[in-house]
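Next comes query_21.txt, with compact mmCIF, C-alpha atoms.
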```
# COMPACT_ATOMS: atom_id res chain seq x y z
CA MET A 22 13.30 40.44 19.04
CA ASP A 23 14.12 43.30 16.82
CA GLN A 24 17.58 43.00 15.35
CA MET A 25 19.18 46.24 14.32
CA THR A 26 21.35 45.96 11.26
CA ALA A 27 22.10 49.59 10.54
CA SER A 28 21.96 52.90 12.32
CA PRO A 29 18.38 53.90 13.10
CA THR A 30 18.63 57.51 11.99
CA MET A 31 21.00 57.45 9.05
CA PRO A 32 18.87 55.40 6.62
CA GLN A 33 15.92 57.66 7.30
CA LYS A 34 18.05 60.69 6.44
CA LEU A 35 19.29 59.03 3.28
CA GLU A 36 15.78 58.21 2.12
CA GLY A 37 14.64 61.70 2.94
CA HIS A 38 17.46 63.20 0.94
CA LYS A 39 16.68 61.27 -2.20
CA LYS A 40 13.94 63.65 -3.22
CA LYS A 41 14.34 66.88 -1.31
CA PRO A 42 17.61 68.84 -1.36
CA PHE A 43 19.91 68.70 1.61
CA GLN A 44 19.01 71.22 4.31
CA LEU A 45 21.20 72.68 6.99
CA THR A 46 18.52 72.23 9.64
CA ASP A 47 18.64 68.48 9.05
CA LEU A 48 21.92 68.15 10.87
CA SER A 49 22.90 71.14 12.89
CA ALA A 50 21.02 74.11 14.27
CA LYS A 51 24.08 76.36 14.34
CA PRO A 52 25.94 77.40 11.18
CA VAL A 53 29.21 75.54 10.79
CA VAL A 54 32.27 77.59 9.98
CA ILE A 55 35.41 75.53 9.68
CA GLY A 56 38.71 77.30 9.99
CA ARG A 57 41.98 76.78 8.18
CA ARG A 58 43.15 73.86 10.31
CA GLY A 59 39.72 72.25 10.09
CA LEU A 60 39.83 72.45 6.29
CA GLU A 61 43.25 70.80 6.28
CA ARG A 62 41.86 68.06 8.49
CA LEU A 63 38.77 67.53 6.30
CA ASP A 64 40.89 67.16 3.20
CA LEU A 65 43.27 64.78 4.99
CA LEU A 66 40.32 62.65 6.09
CA LEU A 67 39.14 62.45 2.48
CA LEU A 68 42.66 61.45 1.44
CA VAL A 69 42.66 58.71 4.09
CA ILE A 70 39.39 57.40 2.63
CA GLU A 71 40.98 57.42 -0.82
CA ALA A 72 44.06 55.63 0.51
CA LEU A 73 41.94 52.87 2.03
CA ASP A 74 39.46 52.54 -0.81
CA LEU A 75 40.96 52.68 -4.28
CA ASN A 76 37.56 53.43 -5.84
CA ALA A 77 36.77 56.16 -3.35
CA SER A 78 36.80 59.03 -5.85
CA LYS A 79 33.83 57.45 -7.64
CA GLY A 80 32.36 56.22 -4.37
CA LEU A 81 32.33 59.76 -2.98
CA LEU A 82 30.17 60.95 -5.84
CA TRP A 83 27.80 57.98 -5.62
CA THR A 84 27.43 58.47 -1.89
CA SER A 85 26.88 62.17 -2.42
CA ASP A 86 24.05 61.37 -4.87
CA LYS A 87 22.59 58.88 -2.43
CA LEU A 88 22.62 61.44 0.37
CA GLY A 89 20.97 64.06 -1.81
CA LEU A 90 24.03 66.29 -1.94
CA GLN A 91 24.01 66.75 -5.73
CA ASP A 92 23.54 70.49 -5.31
CA TYR A 93 26.90 70.74 -3.56
CA PHE A 94 28.90 68.03 -5.29
CA PRO A 95 27.30 67.40 -8.71
CA ASN A 96 30.61 66.25 -10.20
CA HIS A 97 34.28 65.62 -9.43
CA VAL A 98 35.22 69.20 -10.21
CA GLU A 99 32.89 70.74 -7.63
CA LEU A 100 34.07 68.30 -5.00
CA TRP A 101 37.67 69.06 -5.91
CA LYS A 102 36.98 72.81 -5.68
CA CYS A 103 35.66 72.35 -2.15
CA ARG A 104 38.71 70.35 -1.18
CA CYS A 105 40.99 73.00 -2.64
CA HIS A 106 40.07 75.30 0.26
CA ASN A 107 42.76 73.33 2.07
CA PRO A 108 45.68 75.80 2.12
CA LEU A 109 48.22 72.97 1.84
CA ARG A 110 47.05 72.00 -1.64
CA LYS A 111 49.09 72.70 -4.75
CA THR A 112 46.16 74.66 -6.17
CA ALA A 113 44.68 76.13 -3.04
CA ARG A 114 41.67 78.46 -3.09
CA ARG A 115 41.28 81.42 -0.79
CA GLY A 116 38.35 81.76 1.56
CA GLN A 117 36.32 79.30 3.57
CA LEU A 118 33.65 76.77 2.83
CA ASN A 119 30.16 78.02 3.53
CA SER A 120 28.11 76.42 6.23
CA MET A 121 26.12 74.17 3.92
CA GLN A 122 29.17 72.91 2.06
CA SER A 123 30.91 72.15 5.35
CA GLU A 124 27.91 70.20 6.63
CA ALA A 125 27.62 68.32 3.37
CA LEU A 126 31.31 67.41 3.43
CA ILE A 127 31.12 66.24 7.06
CA LEU A 128 28.09 64.07 6.28
CA LEU A 129 29.87 62.66 3.23
CA ILE A 130 32.97 61.77 5.25
CA SER A 131 30.93 60.13 8.00
CA THR A 132 28.97 58.03 5.51
CA MET A 133 32.11 57.02 3.62
CA ALA A 134 33.80 56.10 6.92
CA ASP A 135 30.87 53.80 7.62
CA LYS A 136 31.49 52.05 4.29
CA ILE A 137 35.17 51.45 4.96
CA TYR A 138 34.62 50.65 8.64
CA PRO A 139 35.94 47.04 8.41
CA ASP A 140 39.28 48.37 7.12
CA LEU A 141 39.41 51.04 9.79
CA ARG A 142 38.64 48.52 12.50
CA GLN A 143 41.38 46.18 11.36
CA LEU A 144 43.90 48.99 11.57
CA ILE A 145 42.99 50.14 15.08
CA SER A 146 42.36 46.73 16.60
CA SER A 147 45.08 45.41 18.90
CA LYS A 148 43.73 41.88 18.54
CA GLU A 149 44.72 41.48 14.91
CA PRO A 150 47.94 39.50 14.21
CA ALA A 151 50.82 41.94 14.71
CA ASN A 152 52.72 41.17 11.50
CA LYS A 153 49.55 41.31 9.39
CA ASN A 154 48.59 44.60 10.96
CA GLN A 155 52.07 45.99 10.37
CA GLU A 156 51.74 45.11 6.67
CA ARG A 157 48.37 46.88 6.48
CA TRP A 158 49.77 49.99 8.14
CA GLU A 159 52.78 50.07 5.83
CA LEU A 160 50.56 49.76 2.78
CA PHE A 161 48.30 52.48 4.07
CA TYR A 162 51.27 54.77 4.88
CA ALA A 163 52.69 54.30 1.41
CA ARG A 164 49.38 55.10 -0.31
CA LEU A 165 48.63 58.12 1.84
CA ILE A 166 52.13 59.56 1.48
CA ASP A 167 51.85 59.11 -2.30
CA LEU A 168 48.53 60.95 -2.31
CA ILE A 169 49.83 63.77 -0.12
CA SER A 170 53.00 64.29 -2.16
CA GLU A 171 50.94 64.18 -5.38
CA ARG A 172 48.31 66.73 -4.35
CA PHE A 173 49.88 68.92 -1.68
CA ASN A 174 52.42 71.68 -2.15
CA ASN A 175 55.62 69.87 -1.24
CA ARG A 176 57.64 73.07 -0.97
CA ARG A 177 55.69 74.16 2.08
CA SER A 178 57.28 73.34 5.41
CA ALA A 179 53.91 72.17 6.80
CA VAL A 180 53.71 69.55 4.05
CA LYS A 181 57.33 68.51 4.58
CA LYS A 182 56.48 68.06 8.24
CA LEU A 183 53.44 65.98 7.26
CA LEU A 184 55.70 63.66 5.31
CA SER A 185 58.36 63.27 8.01
CA TYR A 186 58.07 59.86 9.63
CA GLU A 187 58.12 60.81 13.32
CA TYR A 188 55.21 63.22 12.78
CA THR A 189 53.39 61.07 10.22
CA ASP A 190 53.02 58.03 12.45
CA ALA A 191 51.02 59.77 15.17
CA LEU A 192 49.05 61.90 12.70
CA PHE A 193 47.99 59.03 10.46
CA ARG A 194 46.89 56.94 13.44
CA ASN A 195 44.90 59.89 14.70
CA LEU A 196 43.24 60.33 11.31
CA ILE A 197 42.23 56.67 11.23
CA LEU A 198 40.83 56.92 14.75
CA THR A 199 38.93 60.10 13.83
CA LEU A 200 37.31 58.34 10.89
CA ALA A 201 36.42 55.32 13.03
CA LEU A 202 34.78 57.54 15.64
CA SER A 203 32.91 59.47 12.95
CA VAL A 204 30.95 56.37 12.02
CA GLY A 205 27.38 55.91 13.14
CA PRO A 206 24.47 58.10 14.14
CA GLY A 207 26.47 60.20 16.61
CA GLY A 208 29.58 60.31 14.43
CA VAL A 209 28.54 63.34 12.39
CA ASP A 210 28.04 65.45 15.54
CA ARG A 211 31.34 64.26 17.00
CA LEU A 212 33.28 64.99 13.83
CA ARG A 213 31.70 68.43 13.43
CA ALA A 214 32.47 69.39 17.02
CA SER A 215 36.07 68.21 16.76
CA LEU A 216 36.61 70.16 13.52
CA MET A 217 35.10 73.32 14.92
CA GLU A 218 37.34 73.01 17.95
CA LEU A 219 40.33 73.49 15.69
CA ASN A 220 39.10 77.07 15.08
CA TYR A 221 40.02 78.05 18.61
CA MET B 2 1.11 44.07 27.42
CA LEU B 3 4.08 42.80 25.45
CA ARG B 4 7.52 43.66 26.69
CA LEU B 5 9.69 45.11 23.92
CA ASN B 6 13.28 44.07 23.26
CA TYR B 7 15.61 46.06 21.06
CA GLN B 8 19.09 44.91 20.21
CA TYR B 9 22.08 46.88 18.93
CA ASP B 10 25.08 44.96 17.60
CA ARG B 11 28.49 45.96 16.39
CA ASN B 12 31.31 43.42 16.04
CA SER B 13 32.43 42.86 19.63
CA VAL B 14 29.58 44.59 21.45
CA ARG B 15 25.90 43.81 21.90
CA LEU B 16 23.43 45.96 23.79
CA ILE B 17 19.91 44.72 24.55
CA ILE B 18 17.25 46.84 26.17
CA GLN B 19 13.85 45.84 27.49
CA GLY B 20 10.96 48.10 28.20
CA LEU B 21 7.38 49.09 27.73
CA PRO B 22 5.57 51.94 26.02
CA ASP B 23 4.29 54.65 28.31
CA LEU B 24 0.62 54.57 27.30
CA SER B 25 -0.23 57.48 29.57
CA LEU B 26 1.88 59.65 27.25
CA GLY B 27 0.19 58.25 24.16
CA GLN B 28 3.19 56.24 22.97
CA SER B 29 2.64 53.59 20.30
CA ALA B 30 3.07 49.86 20.89
CA GLU B 31 6.52 49.87 19.22
CA GLN B 32 7.98 52.58 21.39
CA ILE B 33 9.79 52.20 24.68
CA GLY B 34 9.04 54.92 27.20
CA ILE B 35 9.74 52.91 30.33
CA LEU B 36 13.07 51.13 30.25
CA SER B 37 13.11 48.21 32.67
CA THR B 38 16.43 46.44 32.07
CA TRP B 39 19.45 46.47 29.82
CA LYS B 40 22.25 44.03 29.09
CA LEU B 41 25.63 44.83 27.63
CA ASP B 42 27.85 42.08 26.23
CA LEU B 43 31.49 42.83 25.58
CA VAL B 44 33.48 39.96 24.10
CA GLY B 45 35.59 38.32 26.79
CA TYR B 46 33.75 39.81 29.77
CA PRO B 47 30.64 38.83 31.75
CA THR B 48 27.31 40.37 30.79
CA LEU B 49 26.67 43.74 32.39
CA GLU B 50 23.17 44.56 33.60
CA GLY B 51 21.52 47.40 35.39
CA ASN B 52 18.70 49.85 35.64
CA LEU B 53 17.96 53.03 33.71
CA GLU B 54 20.11 55.23 35.95
CA HIS B 55 23.15 53.01 35.42
CA LEU B 56 22.64 53.09 31.66
CA GLN B 57 22.32 56.88 31.69
CA ILE B 58 25.59 57.21 33.59
CA LEU B 59 27.30 54.67 31.31
CA ILE B 60 26.17 56.49 28.15
CA SER B 61 27.06 59.91 29.54
CA THR B 62 30.53 58.84 30.70
CA ILE B 63 31.52 56.87 27.62
CA THR B 64 30.13 59.45 25.19
CA GLN B 65 31.93 62.35 26.82
CA TYR B 66 35.16 60.38 27.06
CA THR B 67 34.97 59.48 23.37
CA ARG B 68 34.19 63.04 22.41
CA TYR B 69 37.30 64.31 24.20
CA TYR B 70 39.40 61.37 23.02
CA LEU B 71 38.61 62.31 19.42
CA SER B 72 40.05 65.76 20.10
CA GLY B 73 43.25 64.17 21.35
CA PHE B 74 42.52 64.83 24.99
CA ARG B 75 43.26 62.00 27.44
CA LYS B 76 41.45 62.32 30.74
CA THR B 77 39.62 60.17 33.27
CA PHE B 78 35.85 60.49 33.14
CA GLY B 79 33.36 59.44 35.80
CA GLU B 80 33.38 59.94 39.54
CA LEU B 81 35.98 58.18 41.65
CA ASP B 82 33.38 56.17 43.58
CA GLY B 83 30.69 56.36 40.91
CA PRO B 84 29.24 53.35 39.10
CA VAL B 85 31.19 54.01 35.89
CA GLN B 86 34.66 55.38 35.38
CA ILE B 87 36.78 55.28 32.23
CA ARG B 88 40.40 56.25 31.77
CA PRO B 89 43.07 55.84 29.12
CA ILE B 90 45.75 53.18 29.63
CA THR B 91 48.85 52.30 27.62
CA LYS B 92 47.16 50.42 24.80
CA GLY B 93 43.49 51.12 25.16
CA HIS B 94 40.99 52.14 27.77
CA LEU B 95 40.04 50.89 31.21
CA ILE B 96 36.38 50.93 32.25
CA ILE B 97 35.77 50.41 35.97
CA LEU B 98 32.23 49.34 36.85
CA ARG B 99 31.16 49.37 40.50
CA SER B 100 28.12 47.46 41.60
CA SER B 101 25.56 49.11 43.88
CA LYS B 102 25.42 45.84 45.86
CA GLU B 103 27.76 45.46 48.80
CA ASN B 104 30.81 43.16 48.91
CA ILE B 105 31.17 43.01 45.17
CA GLU B 106 34.56 43.95 43.75
CA PRO B 107 34.58 46.50 40.92
CA LEU B 108 34.78 44.98 37.46
CA GLU B 109 37.64 46.20 35.30
CA VAL B 110 37.10 46.03 31.55
CA LYS B 111 40.05 46.70 29.27
CA ILE B 112 39.17 47.58 25.72
CA ASP B 113 41.16 48.76 22.73
CA ASP B 114 40.27 51.54 20.30
CA ALA B 115 38.32 49.18 18.02
CA GLU B 116 36.15 47.96 20.90
CA LEU B 117 35.62 51.54 22.09
CA VAL B 118 34.38 52.43 18.62
CA ASP B 119 32.03 49.42 18.66
CA LEU B 120 30.74 50.36 22.09
CA ILE B 121 30.11 53.99 21.22
CA TYR B 122 28.37 52.91 18.02
CA CYS B 123 25.90 50.77 20.00
CA LEU B 124 25.33 53.51 22.59
CA ASP B 125 24.81 56.10 19.82
CA SER B 126 22.39 53.77 18.04
CA LEU B 127 20.35 53.52 21.22
CA ARG B 128 20.47 57.25 21.88
CA TYR B 129 19.37 58.14 18.35
CA ASP B 130 16.78 55.38 18.07
CA LYS B 131 13.41 57.06 17.58
CA ARG B 132 11.60 54.05 19.03
CA VAL B 133 13.22 54.60 22.42
CA LEU B 134 11.71 57.68 24.02
CA VAL B 135 13.89 57.88 27.09
CA ASP B 136 15.47 61.16 28.12
CA TRP B 137 19.20 60.47 28.24
CA ASN B 138 19.88 63.90 29.67
CA ILE B 139 23.27 64.38 28.01
CA VAL B 140 24.72 67.62 26.68
CA ILE B 141 27.62 66.73 24.45
CA ASN B 142 29.24 67.35 21.09
CA GLN B 143 29.54 71.07 21.66
CA PRO B 144 32.87 72.45 20.44
CA LYS B 145 34.88 73.78 23.35
CA ARG B 146 38.17 75.49 23.86
CA LEU B 147 39.54 72.22 25.08
CA LYS B 148 43.18 72.91 24.54
CA HIS B 149 43.17 76.18 26.39
CA LYS B 150 40.75 75.29 29.14
CA LEU B 151 41.68 71.78 29.98
CA ASN B 152 44.90 70.68 28.41
CA TYR B 153 47.45 71.90 30.90
CA PHE B 154 50.18 69.87 29.22
CA TYR B 155 49.57 71.86 26.03
CA LEU B 156 49.79 75.12 27.97
CA ILE B 157 52.97 74.06 29.75
CA THR B 158 54.67 73.05 26.50
CA GLN B 159 53.65 76.32 24.87
CA LEU B 160 54.78 78.51 27.75
CA SER B 161 57.86 76.58 28.90
CA SER B 162 60.29 78.23 26.43
CA PRO B 163 59.49 81.89 27.25
CA ILE B 164 59.35 81.17 30.98
CA LEU B 165 62.74 79.40 30.90
CA GLY B 166 64.22 82.27 28.86
CA LEU B 167 62.96 84.86 31.32
CA LEU B 168 64.21 82.87 34.31
CA SER B 169 67.69 82.44 32.81
CA LEU B 170 67.87 86.20 32.12
CA VAL B 171 66.89 87.04 35.70
CA LEU B 172 69.40 84.51 37.04
CA THR B 173 72.22 85.92 34.90
CA ILE B 174 71.52 89.50 36.04
CA PHE B 175 71.42 88.35 39.64
CA LEU B 176 74.75 86.51 39.32
CA PHE B 177 76.44 89.55 37.81
CA THR B 178 75.26 91.73 40.68
CA ILE B 179 76.79 89.50 43.35
CA ILE B 180 80.15 88.75 41.68
CA TYR B 181 83.04 90.53 43.46
CA ASP B 182 84.83 93.10 41.28
CA PRO B 183 88.34 94.01 42.67
CA LYS B 184 88.46 97.37 40.82
CA THR B 185 85.41 98.71 42.57
CA GLU B 186 85.91 100.34 45.95
CA TYR B 187 83.55 99.05 48.52
CA ASN B 188 82.88 101.18 51.55
CA TYR B 189 80.84 99.18 53.96
CA GLY B 190 81.41 101.20 57.13
CA PRO B 191 80.64 104.87 57.91
CA LYS B 192 82.58 107.15 55.56
CA ASN B 193 86.06 108.49 56.76
CA VAL B 194 85.34 108.15 60.42
CA GLY B 195 88.67 108.81 62.16
CA THR B 196 90.91 107.72 59.30
CA ASP B 197 91.75 110.89 57.34
CA LYS B 198 94.58 113.20 58.45
CA LYS B 199 92.35 116.10 59.50
CA SER B 200 90.28 114.14 61.83
CA LEU B 201 93.34 112.44 63.25
CA LEU B 202 94.98 115.84 63.92
CA ALA B 203 91.81 117.17 65.47
CA ASN B 204 91.88 114.24 67.81
```
The structure in this file should be written as structure tokens.
Amino acid sequence: MDQMTASPTMPQKLEGHKKKPFQLTDLSAKPVVIGRRGLERLDLLLLVIEALDLNASKGLLWTSDKLGLQDYFPNHVELWKCRCHNPLRKTARRGQLNSMQSEALILLISTMADKIYPDLRQLISSKEPANKNQERWELFYARLIDLISERFNNRRSAVKKLLSYEYTDALFRNLILTLALSVGPGGVDRLRASLMELNY
Amino acid sequence: MLRLNYQYDRNSVRLIIQGLPDLSLGQSAEQIGILSTWKLDLVGYPTLEGNLEHLQILISTITQYTRYYLSGFRKTFGELDGPVQIRPITKGHLIILRSSKENIEPLEVKIDDAELVDLIYCLDSLRYDKRVLVDWNIVINQPKRLKHKLNYFYLITQLSSPILGLLSLVLTIFLFTIIYDPKTEYNYGPKNVGTDKKSLLAN
């Protein structure tokens, strides 16, 4: 009996990307253009990863190297520049990410979500002890709110809304669920489709 | 010929498929082209089994549901009397599985978000497994104008304020038109028929 320990397609992609540069045709046939709301969402997902994994900033770069995305994210600065397309940032950049950068970022998020999957699962599982789960959520809220208030433009009403509790609760749960559903071989396609939907 | 078994695990879910390579299509000994049976184990529920058609419907229904669920859209998927139906419930999701055999009650499986993620992971792993050459016949993961096409609640919430405003304006105008004003002279009958002096004298 053949026991499957990891996704059947992802490792093959990773191995393939070690030598050759990342190609758009590897993931999606159509060019990916993510709109303003999609860029906000992408950056928030990366912040969620950072909130759950304290070493995520380094982990993102390592994973990027492993996936063969060095051309897009060779260092922290380039990754930061991509994330600054989020209009809610303190130092926001005008314009949109190009198709390749968007694909690379989506692949990076999906792979990172796979790494932190145990944490994500604990948060969304209803079978965990309630008080323990409450503690985890509170810790996660605190970290994410810290990260948002540190990096986003707090004078903007959209950011103030992000930080208001009644809105935050539903949004943060949705972000966690999005990351959990982005895991696995079909996760990249699902995440891409959901981000592109925000364009409409 | 050896029967092949492939297993896909993820925390609370285990999917096992059995099949054979389709040698007439030149498939290798490690590939499954003819799927004979499958078994799905969800923690806390009896093992589910079925044929290829059932698995295709299960994958199609769950995958589409998950895709829409990710976009924040809650809707029932699967036909009312079909073998698989899934719908959102208060804290999780309800999968209703109907057997093709007679006199067997439908099985209701309640899962939470974590178990849904495990299940979709296993189904995705099977779908994307290059050793399994079965046509799943699913068109999914295409971005759609979900909110505008399908989410009527979204439309209602967006349009409720202008519609209410317009209705209240129309109602106010209507009320003003029917209120009795004592200063206005109302002549309901034919004008001056037999009431003025001239006509009276003429009579």
Return as JSON lines the residues of chain B lying at most 10 Å from chain A, together with the closest atom-to-atom pair for each and the distance in Å to one decimal, counting all atoms listed in the file, with rows in chain order and ascending residue number.
```
{"residue": "B:Leu5", "atom": "CA", "partner": "A:Met22", "partner_atom": "CA", "distance": 7.7}
{"residue": "B:Asn6", "atom": "CA", "partner": "A:Met22", "partner_atom": "CA", "distance": 5.6}
{"residue": "B:Tyr7", "atom": "CA", "partner": "A:Asp23", "partner_atom": "CA", "distance": 5.3}
{"residue": "B:Gln8", "atom": "CA", "partner": "A:Gln24", "partner_atom": "CA", "distance": 5.4}
{"residue": "B:Tyr9", "atom": "CA", "partner": "A:Met25", "partner_atom": "CA", "distance": 5.5}
{"residue": "B:Asp10", "atom": "CA", "partner": "A:Met25", "partner_atom": "CA", "distance": 6.9}
{"residue": "B:Arg11", "atom": "CA", "partner": "A:Thr26", "partner_atom": "CA", "distance": 8.8}
{"residue": "B:Asn12", "atom": "CA", "partner": "A:Arg142", "partner_atom": "CA", "distance": 9.6}
{"residue": "B:Ile17", "atom": "CA", "partner": "A:Met22", "partner_atom": "CA", "distance": 9.6}
{"residue": "B:Thr64", "atom": "CA", "partner": "A:Gly207", "partner_atom": "CA", "distance": 9.4}
{"residue": "B:Thr67", "atom": "CA", "partner": "A:Leu202", "partner_atom": "CA", "distance": 8.0}
{"residue": "B:Arg68", "atom": "CA", "partner": "A:Arg211", "partner_atom": "CA", "distance": 6.2}
{"residue": "B:Tyr69", "atom": "CA", "partner": "A:Ser215", "partner_atom": "CA", "distance": 8.5}
{"residue": "B:Tyr70", "atom": "CA", "partner": "A:Thr199", "partner_atom": "CA", "distance": 9.3}
{"residue": "B:Leu71", "atom": "CA", "partner": "A:Thr199", "partner_atom": "CA", "distance": 6.0}
{"residue": "B:Ser72", "atom": "CA", "partner": "A:Ser215", "partner_atom": "CA", "distance": 5.7}
{"residue": "B:Gly73", "atom": "CA", "partner": "A:Asn195", "partner_atom": "CA", "distance": 8.1}
{"residue": "B:Lys92", "atom": "CA", "partner": "A:Ser147", "partner_atom": "CA", "distance": 8.0}
{"residue": "B:Gly93", "atom": "CA", "partner": "A:Ser147", "partner_atom": "CA", "distance": 8.6}
{"residue": "B:Ile112", "atom": "CA", "partner": "A:Ser147", "partner_atom": "CA", "distance": 9.3}
{"residue": "B:Asp113", "atom": "CA", "partner": "A:Ser147", "partner_atom": "CA", "distance": 6.4}
{"residue": "B:Asp114", "atom": "CA", "partner": "A:Ile145", "partner_atom": "CA", "distance": 6.1}
{"residue": "B:Ala115", "atom": "CA", "partner": "A:Ser146", "partner_atom": "CA", "distance": 4.9}
{"residue": "B:Glu116", "atom": "CA", "partner": "A:Ser146", "partner_atom": "CA", "distance": 7.7}
{"residue": "B:Leu117", "atom": "CA", "partner": "A:Leu202", "partner_atom": "CA", "distance": 8.8}
{"residue": "B:Val118", "atom": "CA", "partner": "A:Leu202", "partner_atom": "CA", "distance": 5.9}
{"residue": "B:Asp119", "atom": "CA", "partner": "A:Arg142", "partner_atom": "CA", "distance": 9.1}
{"residue": "B:Ile121", "atom": "CA", "partner": "A:Leu202", "partner_atom": "CA", "distance": 8.1}
{"residue": "B:Tyr122", "atom": "CA", "partner": "A:Gly205", "partner_atom": "CA", "distance": 5.8}
{"residue": "B:Cys123", "atom": "CA", "partner": "A:Gly205", "partner_atom": "CA", "distance": 8.7}
{"residue": "B:Leu124", "atom": "CA", "partner": "A:Gly207", "partner_atom": "CA", "distance": 9.0}
{"residue": "B:Asp125", "atom": "CA", "partner": "A:Gly207", "partner_atom": "CA", "distance": 5.5}
{"residue": "B:Ser126", "atom": "CA", "partner": "A:Ser28", "partner_atom": "CA", "distance": 5.8}
{"residue": "B:Leu127", "atom": "CA", "partner": "A:Pro29", "partner_atom": "CA", "distance": 8.4}
{"residue": "B:Arg128", "atom": "CA", "partner": "A:Gly207", "partner_atom": "CA", "distance": 8.5}
{"residue": "B:Tyr129", "atom": "CA", "partner": "A:Thr30", "partner_atom": "CA", "distance": 6.4}
{"residue": "B:Asp130", "atom": "CA", "partner": "A:Pro29", "partner_atom": "CA", "distance": 5.4}
{"residue": "B:Lys131", "atom": "CA", "partner": "A:Pro29", "partner_atom": "CA", "distance": 7.4}
{"residue": "B:Arg132", "atom": "CA", "partner": "A:Pro29", "partner_atom": "CA", "distance": 9.0}
{"residue": "B:Ile141", "atom": "CA", "partner": "A:Arg211", "partner_atom": "CA", "distance": 8.7}
{"residue": "B:Asn142", "atom": "CA", "partner": "A:Arg211", "partner_atom": "CA", "distance": 5.5}
{"residue": "B:Gln143", "atom": "CA", "partner": "A:Ala214", "partner_atom": "CA", "distance": 5.7}
{"residue": "B:Pro144", "atom": "CA", "partner": "A:Ala214", "partner_atom": "CA", "distance": 4.6}
{"residue": "B:Lys145", "atom": "CA", "partner": "A:Glu218", "partner_atom": "CA", "distance": 6.0}
{"residue": "B:Arg146", "atom": "CA", "partner": "A:Tyr221", "partner_atom": "CA", "distance": 6.1}
{"residue": "B:Leu147", "atom": "CA", "partner": "A:Glu218", "partner_atom": "CA", "distance": 7.5}
{"residue": "B:Lys148", "atom": "CA", "partner": "A:Tyr221", "partner_atom": "CA", "distance": 8.5}
{"residue": "B:His149", "atom": "CA", "partner": "A:Tyr221", "partner_atom": "CA", "distance": 8.6}
```
**OP:** Provide the CA of Gly27 in chain B to CA of Trp39 in chain B distance in Å, to one decimal place.
**Re:**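 Here the two named atoms are 23.3 Å from each other.
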**OP:** Please measure the separation of CA of Val14 in chain B and CA of Lys136 in chain A, giving the value in Å to one decimal.
**Re:**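 CA of Lys136 in chain A lies at a distance of 18.8 Å from CA of Val14 in chain B.
Summary of the local environment: counting only C-alpha atoms, residues at most 8 Å from Pro108 in chain A, other than itself and those fewer than 6 positions away along its chain, are Arg57, Leu60, Glu61, Arg114 and Arg115 of chain A.
Interatomic distance, CA of Leu3 in chain B to CA of Ile58 in chain B: 27.1 Å.
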Subject >> For Gly45 in chain B, the nearest of the candidates B:Ser100, B:Thr173, B:Ser29, B:Ser13, counting all atoms listed in the file >> reply: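 Comparing B:Ser100, B:Thr173, B:Ser29, B:Ser13 against Gly45 in chain B, the winner is B:Ser13.
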**OP:** Considering all atoms listed in the file, state which residue in the set B:Ile96, B:Leu16, B:Val110, B:Ala30 is at the smallest distance from Pro47 in chain B.
**Re:**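 That would be B:Val110, the residue with the smallest distance to Pro47 in chain B.
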For Lys102 in chain A, work out the shell of residues within 10 Å, counting all atoms listed in the file and skipping chain neighbours fewer than 5 positions away, then give it as an mmCIF file with C-alpha atoms, keeping the file's coordinate frame.
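Dumped everything to selection-v6.cif:
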```
data_model
loop_
_atom_site.group_PDB
_atom_site.id
_atom_site.type_symbol
_atom_site.label_atom_id
_atom_site.label_comp_id
_atom_site.auth_asym_id
_atom_site.auth_seq_id
_atom_site.Cartn_x
_atom_site.Cartn_y
_atom_site.Cartn_z
ATOM 1 C CA PHE A 94 28.900 68.030 -5.290
ATOM 2 C CA HIS A 97 34.280 65.620 -9.430
ATOM 3 C CA ASN A 107 42.760 73.330 2.070
ATOM 4 C CA THR A 112 46.160 74.660 -6.170
ATOM 5 C CA ALA A 113 44.680 76.130 -3.040
ATOM 6 C CA ARG A 114 41.670 78.460 -3.090
ATOM 7 C CA LEU A 118 33.650 76.770 2.830
#
```
Original post:
Which is closest to Val44 in chain B among B:Ile18, B:Leu170, B:Leu120, B:Ile87, if we use only C-alpha atoms?
Top reply: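 Ranking B:Ile18, B:Leu170, B:Leu120, B:Ile87 by distance to Val44 in chain B, first place goes to B:Leu120.
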Original post:
Which residues, written as a VMD selection string, have at least one atom at most 7 Å from Leu49 in chain B, with all atoms listed in the file counted and residues fewer than 6 positions away on the same chain left out?
Top reply: chain B and resid 40 to 42
